[in-house]
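Structure data (mmCIF, C-alpha atoms) from coords.cif:
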```cif
data_final
loop_
_atom_site.label_atom_id
_atom_site.label_comp_id
_atom_site.auth_asym_id
_atom_site.auth_seq_id
_atom_site.Cartn_x
_atom_site.Cartn_y
_atom_site.Cartn_z
CA MET R 10 -52.76 -4.70 -13.87
CA VAL R 11 -52.74 -7.88 -11.83
CA VAL R 12 -49.49 -9.49 -10.67
CA THR R 13 -48.83 -12.93 -9.25
CA CYS R 14 -46.55 -13.88 -6.38
CA GLU R 15 -43.92 -15.04 -8.87
CA ASP R 16 -44.05 -11.63 -10.55
CA VAL R 17 -43.50 -10.00 -7.18
CA TRP R 18 -40.54 -12.23 -6.31
CA ARG R 19 -38.98 -11.47 -9.68
CA GLU R 20 -39.40 -7.71 -9.37
CA ILE R 21 -39.10 -7.16 -5.64
CA SER R 22 -35.45 -6.09 -5.89
CA ASN R 23 -36.25 -3.58 -8.63
CA TYR R 24 -39.08 -2.35 -6.44
CA PHE R 25 -36.51 -1.24 -3.87
CA GLU R 26 -34.28 0.15 -6.60
CA GLY R 27 -37.13 2.41 -7.74
CA ASP R 28 -36.62 0.81 -11.10
CA LEU R 29 -40.21 -0.07 -11.97
CA ASP R 30 -42.88 1.21 -14.23
CA PRO R 31 -45.42 3.13 -12.08
CA ALA R 32 -48.26 0.81 -13.11
CA LEU R 33 -46.28 -2.27 -12.03
CA LYS R 34 -45.31 -0.64 -8.78
CA LEU R 35 -48.93 0.15 -8.00
CA ALA R 36 -49.98 -3.39 -8.85
CA MET R 37 -47.31 -4.80 -6.54
CA GLU R 38 -48.42 -2.60 -3.69
CA GLU R 39 -52.00 -3.76 -4.16
CA HIS R 40 -50.67 -7.33 -4.09
CA PHE R 41 -48.77 -6.73 -0.83
CA ALA R 42 -52.01 -5.60 0.80
CA GLN R 43 -53.63 -8.93 -0.03
CA CYS R 44 -50.71 -11.40 0.26
CA PRO R 45 -49.01 -11.81 3.70
CA HIS R 46 -46.22 -13.96 2.21
CA CYS R 47 -45.18 -11.35 -0.34
CA GLU R 48 -45.62 -8.64 2.26
CA SER R 49 -43.18 -10.47 4.56
CA ILE R 50 -40.74 -10.79 1.68
CA ARG R 51 -40.94 -7.06 1.10
CA ASP R 52 -40.48 -6.30 4.82
CA GLY R 53 -37.66 -8.80 5.13
CA MET R 54 -35.83 -7.41 2.14
CA ARG R 55 -36.26 -3.89 3.48
CA ASN R 56 -34.64 -5.01 6.72
CA VAL R 57 -31.77 -6.68 4.88
CA ILE R 58 -31.06 -3.56 2.85
CA GLY R 59 -31.36 -1.32 5.90
CA LEU R 60 -29.21 -3.40 8.23
CA TYR R 61 -26.43 -4.15 5.77
CA GLY R 62 -26.41 -0.57 4.57
CA ASP R 63 -25.38 0.64 8.01
CA LYS R 64 -21.66 1.37 8.20
CA ALA R 65 -21.56 0.08 11.75
CA LEU R 66 -21.77 -3.45 10.41
CA PHE R 67 -18.25 -3.46 8.99
CA PRO R 68 -16.06 -1.42 11.30
CA LEU R 69 -12.45 -1.03 10.26
CA PRO R 70 -9.91 -2.90 12.42
CA ALA R 71 -8.29 -0.81 15.14
CA GLY R 72 -5.13 0.83 13.84
CA PHE R 73 -6.10 0.36 10.22
CA TYR R 74 -5.31 3.93 9.16
CA PRO R 75 -1.84 4.24 10.76
CA ARG R 76 -0.81 0.87 9.39
CA LEU R 77 -2.05 1.76 5.92
CA HIS R 78 -0.27 5.10 5.90
CA ASP R 79 2.94 3.53 7.20
CA ARG R 80 2.77 1.03 4.37
CA LEU R 81 2.12 3.73 1.79
CA ALA R 82 4.73 6.15 3.11
CA ASP R 83 7.67 4.41 1.44
CA GLN R 84 6.09 4.69 -1.99
CA VAL R 85 4.17 7.92 -1.71
CA GLU R 86 6.60 10.04 0.25
CA GLY R 87 9.68 8.19 -0.94
CA LYS R 88 11.70 9.23 2.06
CA ARG R 89 10.97 6.79 4.81
CA ILE R 90 13.22 3.79 5.10
CA SER R 91 12.74 0.47 6.76
CA ARG R 92 14.05 -0.16 10.25
CA ARG R 93 16.61 -2.63 8.92
CA ALA R 94 17.89 -0.20 6.30
CA TRP R 95 18.03 2.48 8.96
CA LEU R 96 20.15 0.26 11.23
CA VAL R 97 22.51 -0.64 8.38
CA GLY R 98 22.87 3.04 7.55
CA VAL R 99 23.68 3.90 11.14
CA ALA R 100 26.27 1.11 11.30
CA VAL R 101 27.99 2.22 8.09
CA THR R 102 28.02 5.85 9.18
CA GLY R 103 29.47 4.86 12.54
CA ALA R 104 32.20 2.81 10.92
CA LEU R 105 33.12 5.69 8.63
CA ALA R 106 33.21 8.11 11.54
CA ALA R 107 35.41 5.73 13.53
CA SER R 108 37.77 5.42 10.56
CA VAL R 109 38.08 9.17 10.27
CA VAL R 110 38.77 9.53 13.99
CA PHE R 111 41.37 6.75 13.88
CA ALA R 112 43.09 8.22 10.82
CA THR R 113 43.16 11.63 12.45
CA ALA R 114 44.72 10.15 15.57
CA LEU R 115 47.36 8.37 13.51
CA ASP R 116 48.09 11.52 11.58
CA ARG R 117 48.67 13.36 14.83
CA PHE R 118 51.57 11.04 15.60
CA ALA R 119 52.93 11.06 12.04
CA PRO R 120 55.99 13.26 11.34
CA GLN R 121 55.16 16.71 10.13
CA PRO R 122 57.12 17.93 7.11
CA ARG R 123 59.75 20.47 8.02
CA SER R 124 58.63 22.69 5.19
CA GLU R 125 54.98 23.40 4.55
CA MET R 126 55.86 24.34 0.99
CA SER R 127 57.54 21.09 0.10
CA GLN R 128 55.87 18.18 -1.65
CA PRO R 129 55.83 14.71 -0.12
CA ALA R 130 57.68 11.91 -1.86
CA ARG R 131 55.55 9.80 -4.12
CA ARG R 132 58.05 7.02 -4.31
CA LEU R 133 61.20 6.79 -2.24
CA PRO R 134 64.60 6.06 -3.81
CA GLN R 135 66.10 2.71 -3.07
CA ARG R 136 69.44 4.08 -1.97
CA LEU R 137 70.68 6.21 0.84
CA VAL R 138 69.97 9.91 0.75
CA ALA R 139 71.79 12.84 2.24
CA ILE R 140 70.37 15.09 4.92
CA VAL R 141 71.77 18.11 6.68
CA ASP R 142 70.92 18.80 10.28
CA GLY R 143 68.57 21.74 10.37
CA GLY R 144 67.70 21.29 6.71
CA LYS R 145 64.28 20.57 5.21
CA MET R 146 65.04 18.32 2.25
CA PHE R 147 66.94 15.17 1.56
CA HIS R 148 69.27 15.12 -1.40
CA ALA R 149 71.48 13.05 -3.57
CA PRO R 150 75.07 13.53 -2.56
CA GLY R 151 76.60 16.44 -4.49
CA CYS R 152 73.33 18.35 -4.98
CA PRO R 153 74.17 22.09 -5.23
CA PHE R 154 71.07 22.85 -3.19
CA MET R 155 72.57 21.11 -0.20
CA HIS R 156 74.78 23.16 2.08
CA GLY R 157 76.75 22.13 5.10
CA LYS R 158 77.80 18.86 6.47
CA TYR R 159 75.55 16.07 5.55
CA HIS R 160 75.17 12.48 6.49
CA MET R 161 73.53 9.54 4.75
CA VAL R 162 70.37 7.93 5.96
CA THR R 163 67.76 5.67 4.47
CA PRO R 164 64.92 7.42 2.64
CA ASP R 165 62.39 6.07 5.17
CA GLU R 166 64.32 7.58 8.03
CA ALA R 167 64.61 10.89 6.20
CA VAL R 168 60.85 11.02 5.67
CA ARG R 169 60.19 9.97 9.25
CA LYS R 170 62.31 12.91 10.39
CA GLY R 171 60.25 15.26 8.28
CA TYR R 172 62.57 15.73 5.29
CA SER R 173 61.02 16.13 1.85
CA PRO R 174 62.57 15.26 -1.52
CA CYS R 175 64.73 17.95 -3.08
CA THR R 176 62.99 19.30 -6.15
CA ARG R 177 66.30 19.45 -8.00
CA CYS R 178 68.05 16.18 -7.30
CA MET R 179 65.12 14.06 -6.18
CA SER R 180 62.67 15.06 -8.90
CA GLU R 181 62.19 11.44 -9.76
CA ALA R 182 60.89 10.81 -6.27
CA LEU R 183 58.32 13.52 -6.78
CA ARG R 184 57.20 12.40 -10.21
CA SER R 185 56.85 8.75 -10.74
CA ALA R 186 57.75 5.25 -9.75
CA GLY R 187 61.09 3.70 -10.42
CA ASN R 188 64.56 3.97 -9.15
CA VAL R 189 65.79 7.41 -8.39
CA THR R 190 69.07 8.22 -9.93
CA PRO R 191 70.73 11.08 -8.11
CA ASP R 192 71.89 13.82 -10.41
CA PHE R 193 74.93 14.65 -8.45
CA GLU R 194 77.65 12.88 -6.60
CA GLY R 195 79.08 14.49 -3.50
CA GLU R 196 81.17 13.93 -0.51
CA GLU R 197 80.07 11.49 2.09
CA THR R 198 81.06 10.89 5.61
CA ALA R 199 83.35 7.93 5.92
CA SER R 200 81.01 5.65 7.78
CA GLU R 201 77.88 6.43 5.82
CA ALA R 202 79.67 6.25 2.48
CA THR R 203 80.72 2.78 3.35
CA ALA R 204 77.16 1.85 4.10
CA GLU R 205 76.00 3.27 0.76
CA LYS R 206 78.55 1.24 -1.16
CA MET C 29 -41.66 -2.39 -18.37
CA ARG C 30 -38.51 -1.12 -16.72
CA ASN C 31 -38.04 2.55 -16.18
CA ARG C 32 -34.29 2.71 -16.01
CA ASP C 33 -32.79 6.04 -15.13
CA SER C 34 -29.61 5.69 -17.01
CA SER C 35 -27.53 3.45 -19.19
CA ASP C 36 -23.84 2.64 -18.71
CA ALA C 37 -22.90 5.25 -21.26
CA ALA C 38 -25.06 7.83 -19.60
CA ALA C 39 -23.52 6.95 -16.26
CA THR C 40 -20.10 7.63 -17.71
CA GLY C 41 -21.32 10.98 -18.91
CA VAL C 42 -22.63 11.75 -15.45
CA ALA C 43 -19.26 10.80 -14.04
CA ARG C 44 -17.54 13.30 -16.29
CA SER C 45 -19.78 16.18 -15.24
CA ASP C 46 -19.78 15.25 -11.55
CA PRO C 47 -17.97 17.93 -9.49
CA GLY C 48 -16.50 15.23 -7.29
CA HIS C 49 -15.20 13.47 -10.35
CA GLU C 50 -13.63 16.69 -11.60
CA HIS C 51 -12.01 17.27 -8.22
CA GLU C 52 -10.57 13.77 -8.31
CA ALA C 53 -9.33 14.25 -11.85
CA ALA C 54 -7.56 17.44 -10.75
CA LEU C 55 -6.05 15.64 -7.77
CA ILE C 56 -4.81 12.83 -9.97
CA GLY C 57 -3.22 15.34 -12.34
CA ARG C 58 -1.37 17.01 -9.47
CA ILE C 59 -0.21 13.67 -8.10
CA GLN C 60 1.13 12.71 -11.49
CA SER C 61 2.89 16.07 -11.65
CA GLY C 62 4.81 15.27 -8.50
CA GLU C 63 2.56 16.22 -5.57
CA ARG C 64 2.58 12.64 -4.40
CA GLU C 65 1.32 13.34 -0.88
CA LEU C 66 -2.08 14.23 -2.36
CA PHE C 67 -2.59 10.52 -2.91
CA TYR C 68 -3.70 10.27 0.72
CA GLU C 69 -6.44 12.81 0.06
CA LEU C 70 -7.47 10.98 -3.10
CA ILE C 71 -7.98 7.63 -1.41
CA ARG C 72 -9.36 8.83 1.93
CA PRO C 73 -13.06 8.49 0.94
CA TYR C 74 -12.49 4.93 -0.26
CA GLU C 75 -10.27 3.42 2.41
CA ARG C 76 -13.16 1.72 4.18
CA ARG C 77 -14.79 0.62 0.94
CA VAL C 78 -11.63 -1.11 -0.26
CA PHE C 79 -11.29 -2.95 3.04
CA VAL C 80 -14.92 -4.06 3.02
CA ILE C 81 -14.81 -5.46 -0.50
CA ALA C 82 -11.57 -7.28 0.30
CA PHE C 83 -13.15 -8.65 3.48
CA THR C 84 -16.20 -9.75 1.50
CA ILE C 85 -14.04 -11.84 -0.78
CA LEU C 86 -11.50 -13.15 1.72
CA ARG C 87 -13.73 -13.39 4.81
CA ASN C 88 -10.73 -12.79 7.03
CA GLU C 89 -9.90 -9.46 8.62
CA GLN C 90 -6.11 -9.73 8.50
CA ASP C 91 -6.05 -10.96 4.91
CA ALA C 92 -8.50 -8.22 3.96
CA GLU C 93 -6.31 -5.53 5.51
CA ASP C 94 -3.22 -6.86 3.73
CA ALA C 95 -5.10 -7.02 0.45
CA ALA C 96 -6.42 -3.49 0.95
CA GLN C 97 -2.89 -2.18 1.55
CA ASP C 98 -1.62 -3.96 -1.54
CA ALA C 99 -4.51 -2.54 -3.55
CA PHE C 100 -3.68 1.03 -2.53
CA LEU C 101 -0.01 0.48 -3.33
CA LYS C 102 -0.89 -0.84 -6.77
CA ALA C 103 -3.28 2.01 -7.33
CA PHE C 104 -0.48 4.45 -6.58
CA LYS C 105 1.99 2.58 -8.75
CA TYR C 106 -0.33 2.35 -11.73
CA LEU C 107 -2.12 5.66 -11.31
CA ALA C 108 -0.68 6.81 -14.62
CA GLN C 109 -2.66 4.06 -16.32
CA PHE C 110 -5.97 5.29 -14.90
CA ARG C 111 -8.21 6.69 -17.60
CA SER C 112 -10.60 9.36 -16.45
CA GLU C 113 -13.46 7.98 -18.56
CA SER C 114 -14.51 6.04 -15.47
CA ARG C 115 -14.69 7.03 -11.84
CA PHE C 116 -11.54 6.68 -9.81
CA SER C 117 -13.54 4.86 -7.14
CA THR C 118 -14.70 2.24 -9.65
CA TRP C 119 -11.17 1.72 -10.90
CA LEU C 120 -9.86 1.48 -7.35
CA ILE C 121 -12.50 -1.11 -6.46
CA GLN C 122 -11.50 -3.10 -9.53
CA VAL C 123 -7.91 -3.06 -8.31
CA ALA C 124 -9.04 -4.15 -4.84
CA ILE C 125 -11.19 -6.97 -6.20
CA ASN C 126 -8.34 -8.25 -8.33
CA GLU C 127 -5.95 -8.07 -5.41
CA ALA C 128 -8.32 -9.93 -3.10
CA ARG C 129 -9.06 -12.58 -5.71
CA LEU C 130 -5.34 -13.04 -6.33
CA ARG C 131 -4.73 -13.48 -2.62
CA GLN C 132 -7.68 -15.86 -2.47
CA ARG C 133 -6.21 -18.03 -5.22
CA LYS C 134 -2.83 -18.07 -3.51
CA SER C 135 -4.34 -19.23 -0.25
CA HIS C 136 -6.58 -21.76 -2.02
CA LEU C 137 -9.63 -20.31 -0.36
CA GLU C 138 -11.68 -20.99 -3.43
CA ILE C 139 -11.90 -24.67 -2.56
CA MET C 140 -13.88 -23.70 0.54
CA ARG C 141 -16.82 -22.43 -1.42
CA PRO C 142 -20.16 -22.41 0.33
CA ILE C 143 -22.79 -24.83 -0.84
CA VAL C 144 -24.89 -22.09 -2.38
CA ASP C 145 -22.04 -21.53 -4.86
CA GLN C 146 -23.23 -24.55 -6.71
CA GLU C 147 -26.64 -23.05 -7.40
CA ASN C 148 -27.62 -22.03 -10.86
CA GLU C 149 -27.91 -18.29 -11.09
CA ASP C 150 -30.60 -18.48 -13.73
CA GLY C 151 -32.84 -20.79 -11.70
CA THR C 152 -35.86 -19.35 -9.96
CA TYR C 153 -35.59 -18.77 -6.24
CA THR C 154 -38.61 -19.28 -4.06
CA PRO C 155 -38.47 -17.22 -0.87
CA ARG C 156 -39.30 -19.01 2.34
CA ASP C 157 -42.57 -18.15 3.96
CA PHE C 158 -42.00 -16.04 7.06
CA THR C 159 -44.83 -13.78 7.88
CA ASP C 160 -43.53 -12.11 11.00
CA TRP C 161 -40.86 -9.85 9.52
CA ARG C 162 -41.15 -6.38 10.80
CA GLU C 163 -38.79 -3.47 10.67
CA ILE C 164 -35.61 -3.95 12.68
CA PRO C 165 -34.03 -0.67 13.84
CA SER C 166 -30.39 0.02 13.13
CA GLU C 167 -29.79 0.10 16.90
CA ALA C 168 -29.88 -3.66 16.68
CA LEU C 169 -26.37 -3.49 15.21
CA GLU C 170 -25.07 -2.33 18.58
CA ARG C 171 -25.33 -5.92 19.68
CA LYS C 172 -22.29 -7.92 18.72
CA GLU C 173 -24.18 -11.15 18.16
CA ILE C 174 -26.46 -9.42 15.68
CA ARG C 175 -23.49 -8.07 13.74
CA GLU C 176 -21.78 -11.43 13.75
CA ARG C 177 -24.95 -13.11 12.57
CA LEU C 178 -25.27 -10.68 9.68
CA VAL C 179 -21.64 -11.06 8.67
CA ARG C 180 -21.86 -14.83 8.91
CA ALA C 181 -24.99 -14.92 6.78
CA LEU C 182 -23.33 -12.77 4.13
CA GLY C 183 -20.26 -14.99 4.21
CA SER C 184 -22.37 -18.05 3.51
CA LEU C 185 -23.45 -16.70 0.13
CA ALA C 186 -21.57 -17.57 -3.01
CA GLN C 187 -18.86 -15.08 -3.84
CA LYS C 188 -20.60 -13.73 -6.93
CA TYR C 189 -23.59 -12.79 -4.79
CA ARG C 190 -21.49 -11.39 -1.96
CA GLU C 191 -19.55 -9.12 -4.30
CA VAL C 192 -22.64 -7.64 -5.92
CA PHE C 193 -24.53 -7.28 -2.65
CA VAL C 194 -21.66 -5.55 -0.85
CA LEU C 195 -20.94 -3.09 -3.63
CA ARG C 196 -24.59 -2.17 -4.05
CA ASP C 197 -26.20 -2.52 -0.63
CA VAL C 198 -23.27 -2.07 1.73
CA GLU C 199 -21.21 0.46 -0.19
CA HIS C 200 -24.15 1.97 -2.07
CA MET C 201 -22.48 1.96 -5.45
CA SER C 202 -24.79 2.35 -8.41
CA ILE C 203 -25.86 -0.63 -10.48
CA GLU C 204 -23.74 0.67 -13.34
CA ASP C 205 -20.62 1.21 -11.26
CA THR C 206 -21.07 -2.20 -9.66
CA ALA C 207 -21.27 -3.75 -13.10
CA LEU C 208 -18.15 -1.87 -14.21
CA ALA C 209 -16.21 -2.83 -11.12
CA LEU C 210 -17.05 -6.49 -11.47
CA GLY C 211 -16.81 -6.63 -15.24
CA ILE C 212 -20.35 -7.94 -15.69
CA SER C 213 -23.51 -6.54 -17.23
CA ALA C 214 -26.01 -4.39 -15.35
CA GLY C 215 -28.58 -7.13 -15.93
CA ALA C 216 -26.34 -9.68 -14.22
CA VAL C 217 -25.90 -7.30 -11.31
CA LYS C 218 -29.66 -7.02 -10.89
CA THR C 219 -30.19 -10.76 -11.11
CA ARG C 220 -27.50 -11.49 -8.52
CA LEU C 221 -28.70 -8.67 -6.31
CA LEU C 222 -32.22 -10.08 -6.25
CA ARG C 223 -30.92 -13.52 -5.33
CA ALA C 224 -28.57 -12.19 -2.70
CA ARG C 225 -31.27 -10.11 -1.03
CA LEU C 226 -33.78 -12.96 -1.02
CA MET C 227 -31.26 -15.48 0.30
CA LEU C 228 -30.14 -13.13 3.07
CA ARG C 229 -33.71 -12.46 4.01
CA ASP C 230 -34.28 -16.20 4.32
CA LEU C 231 -31.01 -16.83 6.16
CA LEU C 232 -31.63 -14.13 8.70
CA SER C 233 -35.28 -14.64 9.46
CA PRO C 234 -35.00 -17.53 11.92
CA GLY C 235 -31.51 -16.56 13.17
CA LEU C 236 -32.35 -13.04 14.17
CA GLU C 237 -35.53 -14.16 15.78
CA GLY C 238 -33.67 -16.69 17.88
CA ILE C 239 -31.18 -14.11 19.04
CA TRP C 240 -33.86 -11.67 20.00
CA THR C 241 -35.85 -14.10 22.08
CA SER C 242 -33.05 -16.07 23.75
CA HIS C 243 -30.53 -13.40 24.81
CA SER C 244 -32.61 -10.39 25.68
CA GLN C 245 -34.60 -9.48 28.73
CA ILE C 246 -37.64 -9.03 26.56
CA PRO C 247 -40.42 -11.54 27.18
CA LYS C 248 -40.54 -14.39 24.72
CA GLY C 249 -42.70 -13.78 21.73
CA THR C 250 -42.17 -10.02 21.57
CA LYS C 251 -39.74 -8.06 19.41
CA PRO C 252 -37.68 -5.20 20.73
CA TRP C 253 -38.17 -3.28 17.52
CA SER C 254 -41.96 -3.55 17.52
#
```
Could I get this structure in the form of structure tokens?
Amino acid sequence: MVVTCEDVWREISNYFEGDLDPALKLAMEEHFAQCPHCESIRDGMRNVIGLYGDKALFPLPAGFYPRLHDRLADQVEGKRISRRAWLVGVAVTGALAASVVFATALDRFAPQPRSEMSQPARRLPQRLVAIVDGGKMFHAPGCPFMHGKYHMVTPDEAVRKGYSPCTRCMSEALRSAGNVTPDFEGEETASEATAEK
Amino acid sequence: MRNRDSSDAAATGVARSDPGHEHEAALIGRIQSGERELFYELIRPYERRVFVIAFTILRNEQDAEDAAQDAFLKAFKYLAQFRSESRFSTWLIQVAINEARLRQRKSHLEIMRPIVDQENEDGTYTPRDFTDWREIPSEALERKEIRERLVRALGSLAQKYREVFVLRDVEHMSIEDTALALGISAGAVKTRLLRARLMLRDLLSPGLEGIWTSHSQIPKGTKPWS
């Protein structure tokens, strides 16, 4: 088989691929021995393939791997968060913690109920209530649960002093909104009765 | 006349029976079952390859790195859509090529095509006559100017030639896998590969020679590799 230079140029790439019929390959090699131009093409192409095939030609940029893995971490691991989100989270947590501390401090100065078993008032009556010194609950005047000398105060003052609503006469204050209508009428001190009326 | 080793279909069959392919298929199954951290192991062999193909298209290191990162993210996101009929590496390269081309369109890089882009692929190419090519050792790549010259020469080729050349001769992918990754026929790969190799040979012949003789301590007219 005899090949021309054009045949060699057309098949030279397949020659390096090892993708030639043995007879054609032999004919090309015989041609290289006689044709310096085609021989230089073969040598030049061999150099091109050899040089570009070296991994040193395309080194990865410094820091490529850490940056890639940082970028992938959000999606792959699903647990890393961005710096901005982290800062927002810290700020929100701090604000919540400060609120809790502040509320705790306020609660420390708030009046403690005189009875741990009593329930706090959900809605205070809009009229004066009766309290007894040393007692634990405020009442409507005349409540049979109230014993001793009583005096009338505003509901706010009664709560501030640690009194809780009487479960008998102030049930409305424990249940729901609305005016509280005392169940009983009782005696009042002269000055405080005047204030009530 | 050709004595082809395998067809595309045969290559796919080889891929199925390849132990590496089976290992990757198992890894992918475990990732899809929730062992997401194994994705790092899956992509480790291809991290450099994805960067290089992105760099080949974009010709800019920073853009190539960004495109490579985006490609890996997309690969993770759409891993469920991967069909094991093909190699994972081929699919990943397809994703990387698409990502780089997308970024290229966005940055309007395609208007900066090299002149050789205008050439007709089917036309015959006549190699220039240099008779003094001899083997250049790989140690030549230790010199920065040699590396830059090679990269610049590759960058001057039309994109269709760069893509084929890099996948086949830089990343050593098979003709069939290169064709699959680029969505072209094996015949087109061979045609473009021939042109790319011949053009690079011509581009580098005078350039490399100039570098050797002007910047080295070697007397003019001699070659350090000879």
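Pairwise distance (atom CA of R:Leu183, atom CA of R:Val141) equals 19.6 Å.
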Resolved residues for the PyMOL selection byres ((chain R) within 7 of (chain C)) as a short mmCIF file (atom, residue, chain, number, x, y, z; two decimals) with C-alpha atoms, in the coordinates of the input:
```cif
data_model
loop_
_atom_site.label_atom_id
_atom_site.label_comp_id
_atom_site.auth_asym_id
_atom_site.auth_seq_id
_atom_site.Cartn_x
_atom_site.Cartn_y
_atom_site.Cartn_z
CA SER R 22 -35.45 -6.09 -5.89
CA ASP R 28 -36.62 0.81 -11.10
CA LEU R 29 -40.21 -0.07 -11.97
CA ASP R 30 -42.88 1.21 -14.23
CA PRO R 45 -49.01 -11.81 3.70
CA HIS R 46 -46.22 -13.96 2.21
CA SER R 49 -43.18 -10.47 4.56
CA ASP R 52 -40.48 -6.30 4.82
CA GLY R 53 -37.66 -8.80 5.13
CA MET R 54 -35.83 -7.41 2.14
CA ASN R 56 -34.64 -5.01 6.72
CA VAL R 57 -31.77 -6.68 4.88
CA ILE R 58 -31.06 -3.56 2.85
CA LEU R 60 -29.21 -3.40 8.23
CA TYR R 61 -26.43 -4.15 5.77
CA GLY R 62 -26.41 -0.57 4.57
CA ALA R 65 -21.56 0.08 11.75
CA LEU R 66 -21.77 -3.45 10.41
CA PHE R 67 -18.25 -3.46 8.99
CA LEU R 69 -12.45 -1.03 10.26
CA LEU R 77 -2.05 1.76 5.92
CA LEU R 81 2.12 3.73 1.79
CA VAL R 85 4.17 7.92 -1.71
CA GLU R 86 6.60 10.04 0.25
#
```
So what does the PyMOL selection byres ((chain R and resi 17) around 10) actually pick up in this one, as a CSV table (one decimal) with C-alpha atoms, in the frame of the given file?
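Here's the written file result-v1.csv:
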```csv
chain,number,residue,atom,x,y,z
R,12,VAL,CA,-49.5,-9.5,-10.7
R,13,THR,CA,-48.8,-12.9,-9.2
R,14,CYS,CA,-46.6,-13.9,-6.4
R,15,GLU,CA,-43.9,-15.0,-8.9
R,16,ASP,CA,-44.0,-11.6,-10.6
R,18,TRP,CA,-40.5,-12.2,-6.3
R,19,ARG,CA,-39.0,-11.5,-9.7
R,20,GLU,CA,-39.4,-7.7,-9.4
R,21,ILE,CA,-39.1,-7.2,-5.6
R,22,SER,CA,-35.4,-6.1,-5.9
R,23,ASN,CA,-36.2,-3.6,-8.6
R,24,TYR,CA,-39.1,-2.4,-6.4
R,33,LEU,CA,-46.3,-2.3,-12.0
R,34,LYS,CA,-45.3,-0.6,-8.8
R,36,ALA,CA,-50.0,-3.4,-8.8
R,37,MET,CA,-47.3,-4.8,-6.5
R,38,GLU,CA,-48.4,-2.6,-3.7
R,40,HIS,CA,-50.7,-7.3,-4.1
R,41,PHE,CA,-48.8,-6.7,-0.8
R,47,CYS,CA,-45.2,-11.4,-0.3
R,48,GLU,CA,-45.6,-8.6,2.3
R,50,ILE,CA,-40.7,-10.8,1.7
R,51,ARG,CA,-40.9,-7.1,1.1
```
| query | By how many Å are atom CA of R:Met179 and atom CA of R:Ala112 apart? | reply |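 Computed distance, atom CA of R:Met179 to atom CA of R:Ala112, equals 28.4 Å.
The interatomic distance for the pair atom CA of R:Tyr159 and atom CA of R:Ile140 works out to 5.3 Å.
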Problem set entry | Counting all atoms listed in the file, the option among R:Ala114, R:Val99, R:Cys178, R:Leu137 closest to R:Thr163 |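 When distances to R:Thr163 are compared using all atoms listed in the file, the smallest one comes from R:Leu137.
This file, queried with the PyMOL selection byres ((chain C and resi 86) around 9), gives the residues Ile81, Ala82, Phe83, Thr84, Ile85, Arg87, Asn88, Glu89, Asp91, Ala92, Ala95, Ala128, Arg129, Arg131, Gln132 and Leu137 of chain C.
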Could you take the residues named above and write them with C-alpha atoms, as a compact mmCIF listing (two decimals), in the frame of the given file?
```
# COMPACT_ATOMS: atom_id res chain seq x y z
CA ILE C 81 -14.81 -5.46 -0.50
CA ALA C 82 -11.57 -7.28 0.30
CA PHE C 83 -13.15 -8.65 3.48
CA THR C 84 -16.20 -9.75 1.50
CA ILE C 85 -14.04 -11.84 -0.78
CA ARG C 87 -13.73 -13.39 4.81
CA ASN C 88 -10.73 -12.79 7.03
CA GLU C 89 -9.90 -9.46 8.62
CA ASP C 91 -6.05 -10.96 4.91
CA ALA C 92 -8.50 -8.22 3.96
CA ALA C 95 -5.10 -7.02 0.45
CA ALA C 128 -8.32 -9.93 -3.10
CA ARG C 129 -9.06 -12.58 -5.71
CA ARG C 131 -4.73 -13.48 -2.62
CA GLN C 132 -7.68 -15.86 -2.47
CA LEU C 137 -9.63 -20.31 -0.36
```
*Looking at C:Val78, C:Glu173, C:Glu127, C:Gln60, which one is nearest to C:Ala108, with distances taken over only C-alpha atoms?*
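Of C:Val78, C:Glu173, C:Glu127, C:Gln60, the one nearest C:Ala108 is C:Gln60, counting only C-alpha atoms.
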Could you give me the centre and size, in Å to one decimal, of an axis-aligned box around all listed atoms of stretch 43-56 of chain R with 8 Å added on every side, as AutoDock Vina command-line options?
```
--center_x -44.1 --center_y -8.9 --center_z 3.2 --size_x 35.0 --size_y 26.1 --size_z 23.1
```
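With distances taken over all atoms listed in the file, C:Ile125 is the one residue among C:Ser213, C:Leu120, C:Leu231, C:Ile125 lying closest to C:Gln187.
Using all atoms listed in the file, the nearest neighbour of C:Glu69 within the list R:Ala149, R:Gly103, R:His78, R:Arg136 is R:His78.
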What would stretch 141-145 of chain R look like with N, CA and C atoms restored, written as a tab-separated table (two decimals), in the frame of the given file?
```tsv
chain	number	residue	atom	x	y	z
R	141	VAL	N	70.96	17.17	5.91
R	141	VAL	CA	71.77	18.11	6.68
R	141	VAL	C	70.98	18.48	7.92
R	142	ASP	N	71.62	18.42	9.06
R	142	ASP	CA	70.92	18.80	10.28
R	142	ASP	C	70.41	20.23	10.16
R	143	GLY	N	69.17	20.41	10.49
R	143	GLY	CA	68.57	21.74	10.37
R	143	GLY	C	68.00	22.01	9.00
R	144	GLY	N	68.24	21.10	8.05
R	144	GLY	CA	67.70	21.29	6.71
R	144	GLY	C	66.26	20.81	6.61
R	145	LYS	N	65.68	20.96	5.40
R	145	LYS	CA	64.28	20.57	5.21
R	145	LYS	C	64.11	19.48	4.15
```
